[in-house]
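Step one of this worksheet: look at the structure below.
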Amino acid sequence: LEPRRWRLAHSNLGKGRLRCIGSEPTVLRVEPREIGDGKPWNVMLQYGHLPITQGRRYAISFRARADEPRTIDYLMMSEGATPQNHGIY
């Protein structure tokens, strides 16, 4: 994955910051500042322009840690004028 394709997005209720840790941008730190009403889309880490093929299976893996217990949701969605949700887990 290309590090420059990562971005932090947030709703009007959420605020945060995205930082690369170390000299190699392979470790990202998401620092939520405000999460508003607690909805998962208030602060989102996004990776854009990843080609996917219909009918093919994909595996998502990552390591995460936090200063307190948190829930992590992930969503696969197409980009464009009419984004399509491919599943939230």
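Note on naming: chains are A, B, ... as they come in the structure tokens, residues start from 1 per chain, ligands start from 1 in the order shown.
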
I'd like the contact shell of stretch 41-48 of chain A - 7 Å cut-off, only C-alpha atoms, skipping same-chain residues fewer than 4 positions apart - returned as a list in words.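 So the residues in contact are Arg5, Trp6, Arg7, Leu8, Ala9, His10, Ser11, Leu13, Gly14, Lys15, Gly16, Pro32, Ile35 and Gly36 of chain A.
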
Selection file, N, CA and C atoms, as a PDB file, in the first residue's frame:
```pdb
ATOM      1  N   ARG A   5      -1.613   7.545   0.049  1.00  0.00           N
ATOM      2  CA  ARG A   5      -3.051   7.382  -0.197  1.00  0.00           C
ATOM      3  C   ARG A   5      -3.882   7.386   1.086  1.00  0.00           C
ATOM      4  N   TRP A   6      -3.233   7.344   2.243  1.00  0.00           N
ATOM      5  CA  TRP A   6      -3.968   7.398   3.506  1.00  0.00           C
ATOM      6  C   TRP A   6      -4.373   8.825   3.812  1.00  0.00           C
ATOM      7  N   ARG A   7      -5.553   8.994   4.379  1.00  0.00           N
ATOM      8  CA  ARG A   7      -5.986  10.315   4.834  1.00  0.00           C
ATOM      9  C   ARG A   7      -6.942  10.152   6.001  1.00  0.00           C
ATOM     10  N   LEU A   8      -7.016  11.168   6.804  1.00  0.00           N
ATOM     11  CA  LEU A   8      -7.950  11.182   7.921  1.00  0.00           C
ATOM     12  C   LEU A   8      -9.130  12.058   7.522  1.00  0.00           C
ATOM     13  N   ALA A   9     -10.306  11.506   7.616  1.00  0.00           N
ATOM     14  CA  ALA A   9     -11.523  12.254   7.299  1.00  0.00           C
ATOM     15  C   ALA A   9     -12.375  12.298   8.554  1.00  0.00           C
ATOM     16  N   HIS A  10     -13.175  13.332   8.672  1.00  0.00           N
ATOM     17  CA  HIS A  10     -14.058  13.428   9.833  1.00  0.00           C
ATOM     18  C   HIS A  10     -15.305  14.210   9.491  1.00  0.00           C
ATOM     19  N   SER A  11     -16.352  13.934  10.249  1.00  0.00           N
ATOM     20  CA  SER A  11     -17.616  14.644  10.085  1.00  0.00           C
ATOM     21  C   SER A  11     -17.533  15.973  10.822  1.00  0.00           C
ATOM     22  N   LEU A  13     -18.847  16.531  13.539  1.00  0.00           N
ATOM     23  CA  LEU A  13     -18.781  16.243  14.968  1.00  0.00           C
ATOM     24  C   LEU A  13     -17.423  15.711  15.405  1.00  0.00           C
ATOM     25  N   GLY A  14     -16.582  15.311  14.462  1.00  0.00           N
ATOM     26  CA  GLY A  14     -15.302  14.708  14.809  1.00  0.00           C
ATOM     27  C   GLY A  14     -14.115  15.564  14.412  1.00  0.00           C
ATOM     28  N   LYS A  15     -13.039  15.424  15.174  1.00  0.00           N
ATOM     29  CA  LYS A  15     -11.785  16.108  14.865  1.00  0.00           C
ATOM     30  C   LYS A  15     -10.651  15.172  15.224  1.00  0.00           C
ATOM     31  N   GLY A  16      -9.571  15.264  14.478  1.00  0.00           N
ATOM     32  CA  GLY A  16      -8.438  14.416  14.781  1.00  0.00           C
ATOM     33  C   GLY A  16      -7.237  14.782  13.936  1.00  0.00           C
ATOM     34  N   PRO A  32      -7.630  10.829  17.560  1.00  0.00           N
ATOM     35  CA  PRO A  32      -8.946  11.472  17.622  1.00  0.00           C
ATOM     36  C   PRO A  32      -8.947  12.543  18.706  1.00  0.00           C
ATOM     37  N   ILE A  35     -14.899  13.002  19.187  1.00  0.00           N
ATOM     38  CA  ILE A  35     -15.644  11.995  18.425  1.00  0.00           C
ATOM     39  C   ILE A  35     -17.142  12.262  18.425  1.00  0.00           C
ATOM     40  N   GLY A  36     -17.540  13.412  18.931  1.00  0.00           N
ATOM     41  CA  GLY A  36     -18.941  13.811  18.870  1.00  0.00           C
ATOM     42  C   GLY A  36     -19.866  12.831  19.558  1.00  0.00           C
TER      43      GLY A  36
END
```

Helix (DSSP H, G or I) per DSSP on the backbone: members of chain A, as an mmCIF file with C-alpha atoms, in the first residue's frame:
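Full text of selection_3.cif as output:
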```
data_model
loop_
_atom_site.group_PDB
_atom_site.id
_atom_site.type_symbol
_atom_site.label_atom_id
_atom_site.label_comp_id
_atom_site.auth_asym_id
_atom_site.auth_seq_id
_atom_site.Cartn_x
_atom_site.Cartn_y
_atom_site.Cartn_z
ATOM 1 C CA PRO A 3 1.408 5.682 2.361
ATOM 2 C CA ARG A 4 0.415 8.836 0.474
ATOM 3 C CA ARG A 5 -3.051 7.382 -0.197
ATOM 4 C CA PRO A 40 -17.721 5.451 13.755
ATOM 5 C CA TRP A 41 -17.823 7.859 10.807
ATOM 6 C CA ASN A 42 -17.003 10.903 12.932
#
```

In terms of the shortest atom-to-atom distance over only C-alpha atoms, which of A:Ser23, A:Thr53, A:Asn85, A:Glu31 is closest to A:Asp67? A:Glu31

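Across the model, the gap from atom CA of A:Arg70 to atom CA of A:Arg19 is 19.3 Å.
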
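When only C-alpha atoms are used to compute distances to A:Lys39, the closest of the residues A:Ile72, A:Met77, A:Leu18, A:Arg65 turns out to be A:Ile72.
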
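Going from atom CA of A:Pro69 to atom CA of A:Gly22 covers 24.8 Å.
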
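Each of A:Glu2, A:Arg33, A:Ala59, A:Thr26 was checked against A:Met76 using only C-alpha atoms; the smallest atom-to-atom distance is that of A:Ala59.
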
Å distance separating atom CA of A:Gln54 from atom CA of A:Thr71, one decimal place: 28.1 Å

If DSSP is run on the backbone, what residues of stretch 1-87 of chain A are strand (DSSP E)? A reply as number ranges by chain would be ideal. A: 6-10, 15-21, 27-34, 43-47, 75-77, 85-87

Once you have the residues from the selection above, write them out as a compact mmCIF listing (two decimals), in the first residue's frame, restricted to N, CA, C and O atoms.
```
# COMPACT_ATOMS: atom_id res chain seq x y z
N TRP A 6 -3.23 7.34 2.24
CA TRP A 6 -3.97 7.40 3.51
C TRP A 6 -4.37 8.83 3.81
O TRP A 6 -3.63 9.76 3.54
N ARG A 7 -5.55 8.99 4.38
CA ARG A 7 -5.99 10.32 4.83
C ARG A 7 -6.94 10.15 6.00
O ARG A 7 -7.58 9.11 6.15
N LEU A 8 -7.02 11.17 6.80
CA LEU A 8 -7.95 11.18 7.92
C LEU A 8 -9.13 12.06 7.52
O LEU A 8 -8.95 13.20 7.10
N ALA A 9 -10.31 11.51 7.62
CA ALA A 9 -11.52 12.25 7.30
C ALA A 9 -12.37 12.30 8.55
O ALA A 9 -12.29 11.41 9.41
N HIS A 10 -13.18 13.33 8.67
CA HIS A 10 -14.06 13.43 9.83
C HIS A 10 -15.31 14.21 9.49
O HIS A 10 -15.33 15.00 8.56
N LYS A 15 -13.04 15.42 15.17
CA LYS A 15 -11.78 16.11 14.86
C LYS A 15 -10.65 15.17 15.22
O LYS A 15 -10.76 14.39 16.17
N GLY A 16 -9.57 15.26 14.48
CA GLY A 16 -8.44 14.42 14.78
C GLY A 16 -7.24 14.78 13.94
O GLY A 16 -7.27 15.72 13.14
N ARG A 17 -6.18 13.99 14.12
CA ARG A 17 -4.93 14.24 13.41
C ARG A 17 -4.33 12.90 13.00
O ARG A 17 -4.44 11.91 13.72
N LEU A 18 -3.67 12.87 11.84
CA LEU A 18 -3.00 11.68 11.32
C LEU A 18 -1.51 11.99 11.23
O LEU A 18 -1.13 13.01 10.67
N ARG A 19 -0.70 11.10 11.79
CA ARG A 19 0.75 11.30 11.74
C ARG A 19 1.44 10.02 11.31
O ARG A 19 0.99 8.93 11.65
N CYS A 20 2.53 10.17 10.55
CA CYS A 20 3.41 9.04 10.25
C CYS A 20 4.44 8.97 11.36
O CYS A 20 4.98 10.00 11.78
N ILE A 21 4.72 7.77 11.83
CA ILE A 21 5.68 7.58 12.91
C ILE A 21 6.98 7.03 12.32
O ILE A 21 6.97 6.05 11.59
N VAL A 27 3.99 3.20 9.58
CA VAL A 27 3.25 3.19 10.83
C VAL A 27 2.51 4.52 10.93
O VAL A 27 3.10 5.59 10.85
N LEU A 28 1.20 4.42 11.07
CA LEU A 28 0.36 5.62 11.16
C LEU A 28 -0.21 5.73 12.56
O LEU A 28 -0.54 4.74 13.20
N ARG A 29 -0.35 6.95 13.00
CA ARG A 29 -0.97 7.21 14.30
C ARG A 29 -2.18 8.11 14.07
O ARG A 29 -2.06 9.19 13.53
N VAL A 30 -3.34 7.62 14.46
CA VAL A 30 -4.58 8.39 14.39
C VAL A 30 -4.84 8.92 15.78
O VAL A 30 -4.91 8.16 16.75
N GLU A 31 -4.98 10.22 15.89
CA GLU A 31 -5.21 10.87 17.18
C GLU A 31 -6.57 11.56 17.16
O GLU A 31 -6.68 12.72 16.76
N PRO A 32 -7.63 10.83 17.56
CA PRO A 32 -8.95 11.47 17.62
C PRO A 32 -8.95 12.54 18.71
O PRO A 32 -8.49 12.30 19.82
N ARG A 33 -9.42 13.72 18.38
CA ARG A 33 -9.51 14.81 19.36
C ARG A 33 -10.92 14.93 19.92
O ARG A 33 -11.13 15.16 21.09
N GLU A 34 -11.89 14.79 19.02
CA GLU A 34 -13.31 14.82 19.40
C GLU A 34 -14.01 13.77 18.56
O GLU A 34 -13.76 13.67 17.37
N VAL A 43 -14.70 10.06 12.89
CA VAL A 43 -13.26 10.11 12.61
C VAL A 43 -12.93 8.84 11.84
O VAL A 43 -13.13 7.74 12.34
N MET A 44 -12.42 8.99 10.60
CA MET A 44 -12.18 7.83 9.74
C MET A 44 -10.79 7.88 9.12
O MET A 44 -10.38 8.92 8.61
N LEU A 45 -10.11 6.76 9.14
CA LEU A 45 -8.86 6.60 8.40
C LEU A 45 -9.23 5.99 7.06
O LEU A 45 -9.86 4.93 7.02
N GLN A 46 -8.87 6.64 5.97
CA GLN A 46 -9.27 6.19 4.64
C GLN A 46 -8.07 5.93 3.76
O GLN A 46 -7.04 6.60 3.89
N TYR A 47 -8.22 4.94 2.88
CA TYR A 47 -7.20 4.64 1.86
C TYR A 47 -7.90 4.67 0.52
O TYR A 47 -8.85 3.92 0.29
N LEU A 75 -15.00 -0.55 6.72
CA LEU A 75 -16.00 -0.45 5.67
C LEU A 75 -15.28 -0.45 4.32
O LEU A 75 -14.24 0.18 4.17
N MET A 76 -15.83 -1.18 3.38
CA MET A 76 -15.33 -1.17 2.02
C MET A 76 -16.36 -0.47 1.17
O MET A 76 -17.53 -0.84 1.17
N MET A 77 -15.94 0.57 0.47
CA MET A 77 -16.89 1.37 -0.28
C MET A 77 -16.24 1.91 -1.54
O MET A 77 -15.05 2.19 -1.56
N ASN A 85 -21.69 1.24 -0.84
CA ASN A 85 -21.21 0.53 0.33
C ASN A 85 -21.11 -0.96 -0.02
O ASN A 85 -22.07 -1.57 -0.44
N HIS A 86 -19.92 -1.55 0.18
CA HIS A 86 -19.71 -2.97 -0.10
C HIS A 86 -19.67 -3.80 1.18
O HIS A 86 -19.36 -4.97 1.14
N GLY A 87 -19.95 -3.19 2.31
CA GLY A 87 -20.03 -3.95 3.56
C GLY A 87 -19.34 -3.25 4.71
O GLY A 87 -18.29 -2.66 4.54
```
